[in-house]
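Structure, as structure tokens:
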Amino acid sequence: MTTMAISVKDLSKKYDSGFAVSHANFEVPLGTICGFVGPNGAGKTTTIRMLLGLISPTGGTAEVLGQSIQHPDKYLSQVGAMIEGPAFYPALSGAENLKVLATLGGFPIERVDELIRAVGLEGRGGSKYKTYSLGMKQRLGIAAALLPNPKVLILDEPTNGLDPEGIQEVRDLLKRLASQGTTVFVSSHLLSELELISEYIVMLRKGEVVFAGTMQDLLLEQQPVILVKTEKDTDLQKIIDIAHNDGHQAQIRSGVAHIEGPAEWAGTLNRQAFEAGIILTQLAPQLPNLEETFFEMTGDRS
Amino acid sequence: MIRVIFAEWRKLRRPTLFFGTLGAALFFTGLTTTFLYLMIDSQDGNSDRGRQVGREILNLAGGSVYGFSSVGGLLGIIALCVFAAQTAQEYTYGTLRNLLVRQPGRIRILYGKLAAMKIFALILVLITAIVSISLSYYLSDRAKVTTDLWFTSAGYHAIAQTLLNVTISVIYFGIVGMILGLLLRSPISAISIGVLWLLIIENLLGAVKPTFLKWMPGNQLATIAQGGSSTVSYSHALTLGSLYVFIGAIIATALFTRRDVGN
């Protein structure tokens, strides 16, 4: 029996405009939460669609729960998914929308009310979908993904439109599902959220996998960062020059100098800045986090 | 496939769609049947395109369903709109991806949807038939039409035959709508192109050269409902109409099963 929930080997999808996904390789072990990150247009949704049998790959192979994606009928009954946000019939109620999918998948209709409650839509299940707020639509999408009591849950941006409380609820829900043995494969732009819950991470850039492995390994690969703010904005470039002269990578992002280097070098920087007549208002050594790492590895500075 | 049919039926049975469609069908049926009887002596005609249908025709065994068969083409247009909208909306709402995740068998999805919509069309046809025949019977006295032959075995045979022909026609129109929905992936485009072709372009071409109508798909399907016409025989309409629908269905099925679902 396979120990991998998802196994992708050399998977590619080529359109006339070029590769949307190019020779991707990664594995997601059973029972883990795996973050799937990458800038917009990196190929995340295309990869997810290929895993769900919605798009045919132009090269390579992949398996979900040990079954080839060429035969999605063999594994999709154990997979829940929400792709590119929720999509339902506006004229039907939330509950009726779920019943359509429950009927189609052969799941018990009683499960609909249970899931409506589980995602916090109690009392609104009978309202038409078109009257839902973005957050409610998102919750309904998550409920639909949970219909099969899935072994693998694939979620594309599940926290879009949710308020902080909703985001926390989704985070807790995903943790709870993972603790019960469900594999969660989740893409999100909320990197700090992913960092909190993910054990594994797959990072895409321009259709190529730039990292696939444990979160721990990813962060260990990265240099610590020192964040520097100066009294005068014009001094930031001088700080960058000081860092470069000492052989450290550095750049300015959102009015803050990000310098790769150990925490101990912060003292040296402080002294050199003082000698150059620069007043520092912030000097904060920081351990690498997913967001920093994401920017480093994907080259996305937006 | 049963699960697909039941799932689709949940969408079709919603009151605005079901009663809205039924209301439109009954309106056209009532209008056509009422004109047929109340304007029986009008010099401007009492049937489509100003044709005169006299008492000698309505007195016959098939008189009870004359109004119903005349409205078959319009019922077909309604079916085309419903089938096209129900199919294309899966693309515009993005719900097709949900359906295919829950039921990856694309052929099963397609034919399950079609089966559910056929049931919808059949209910539509049955109710309009009952209303049209009842209305015809009610108005026959006022129009001095004799109904003695209507409820004989020949009359019942005519009713059954017309019901079958209208059902075939309505379902064929619906399949054309479904094909357009699959090809164009937009309810508005599918319905507008379908209705424009059937109601305007075919009639314009027919006006320019009447023999064109012998080969036009919409005219074949409407002729099936009427059980044949003076210009196109029933067997010709049924053969050619079936051929058009069959070829269209093959192309649409091939596209649906092979095309990537990207929205």
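Going through the structure tokens in order, the chains are called A, B, and so on, while each chain numbers its residues from 1 and the ligands are numbered from 1 in the order shown.
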Which of stretch 214-290 of chain A DSSP labels helix (DSSP H, G or I), written as a count of residues only
32
Write out as an NGL selection string the residues lying within 12 Å of A:Asn149, counting only C-alpha atoms and excluding same-chain residues fewer than 2 positions away.
:A and (76-81 or 102 or 105 or 107-108 or 111-112 or 114-115 or 142-147 or 151-153 or 177 or 180-183)
Kindly provide the residues of chain A that approach chain B to within 6 Å, each paired with its closest atom pair and their distance in Å to one decimal, based on only C-alpha atoms, listed by chain and increasing number, as JSON lines.
{"residue": "A:Leu54", "atom": "CA", "partner": "B:Val261", "partner_atom": "CA", "distance": 5.2}
{"residue": "A:Ile55", "atom": "CA", "partner": "B:Asp260", "partner_atom": "CA", "distance": 4.6}
{"residue": "A:Asp73", "atom": "CA", "partner": "B:Pro104", "partner_atom": "CA", "distance": 5.5}
{"residue": "A:Ala87", "atom": "CA", "partner": "B:Thr95", "partner_atom": "CA", "distance": 5.3}
{"residue": "A:Phe88", "atom": "CA", "partner": "B:Thr95", "partner_atom": "CA", "distance": 5.7}
{"residue": "A:Val100", "atom": "CA", "partner": "B:Ala7", "partner_atom": "CA", "distance": 4.7}
{"residue": "A:Thr103", "atom": "CA", "partner": "B:Ala7", "partner_atom": "CA", "distance": 5.4}
{"residue": "A:Leu104", "atom": "CA", "partner": "B:Arg3", "partner_atom": "CA", "distance": 5.1}
{"residue": "A:Gly105", "atom": "CA", "partner": "B:Arg102", "partner_atom": "CA", "distance": 5.0}
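Minimum distance to A:Gly166 across A:Glu292, A:Gln138, A:Ile197, A:Thr281 (counting only C-alpha atoms) occurs at A:Gln138.
The space separating atom CA of B:Val82 from atom CA of B:Ser233 comes to 28.2 Å.
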Give me the residues within 8 Å of A:Leu290 as number ranges by chain, counting only C-alpha atoms and dropping any in the same chain fewer than 4 places off.
A: 191-192, 195, 219, 294
Please write the residues from the selection above to a file, keeping N, CA and C atoms, as a PDB file, in the first residue's frame.
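In the end it all went to out-v9.pdb:
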ATOM      1  N   LEU A 191       0.928  33.136   3.375  1.00  0.00           N
ATOM      2  CA  LEU A 191       2.080  32.279   3.672  1.00  0.00           C
ATOM      3  C   LEU A 191       2.276  32.077   5.169  1.00  0.00           C
ATOM      4  N   SER A 192       1.960  33.107   5.946  1.00  0.00           N
ATOM      5  CA  SER A 192       2.126  32.964   7.400  1.00  0.00           C
ATOM      6  C   SER A 192       1.173  31.889   7.932  1.00  0.00           C
ATOM      7  N   GLU A 195       2.616  28.538   6.952  1.00  0.00           N
ATOM      8  CA  GLU A 195       3.781  28.218   7.786  1.00  0.00           C
ATOM      9  C   GLU A 195       3.342  27.623   9.124  1.00  0.00           C
ATOM     10  N   LEU A 219      13.339  25.931   5.477  1.00  0.00           N
ATOM     11  CA  LEU A 219      13.780  27.080   6.270  1.00  0.00           C
ATOM     12  C   LEU A 219      15.262  26.955   6.641  1.00  0.00           C
ATOM     13  N   PHE A 294       9.887  32.433   0.353  1.00  0.00           N
ATOM     14  CA  PHE A 294       9.090  32.472  -0.877  1.00  0.00           C
ATOM     15  C   PHE A 294       9.651  33.530  -1.819  1.00  0.00           C
TER      16      PHE A 294
END
Within 12 Å of A:Leu283, counting only C-alpha atoms, which residues qualify if same-chain residues fewer than 6 places away don't, as number ranges by chain?
A: 225-231, 239, 256-259, 263-271, 273
For B:Ala85, which residue out of B:Leu196, B:Ile107, B:Ile191, B:Leu238 is the nearest one, using only C-alpha atoms?
B:Ile191
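Counting only C-alpha atoms, A:Glu27 has the following residues at most 10 Å away, ignoring those fewer than 5 positions along the same chain: Thr3, Met4, Ala5, Ile6, Ser7, Val8, Lys9, Cys34, Ala62, Glu63, Val64, Tyr200, Ile201, Val202, Ala212 and Gly213 of chain A.
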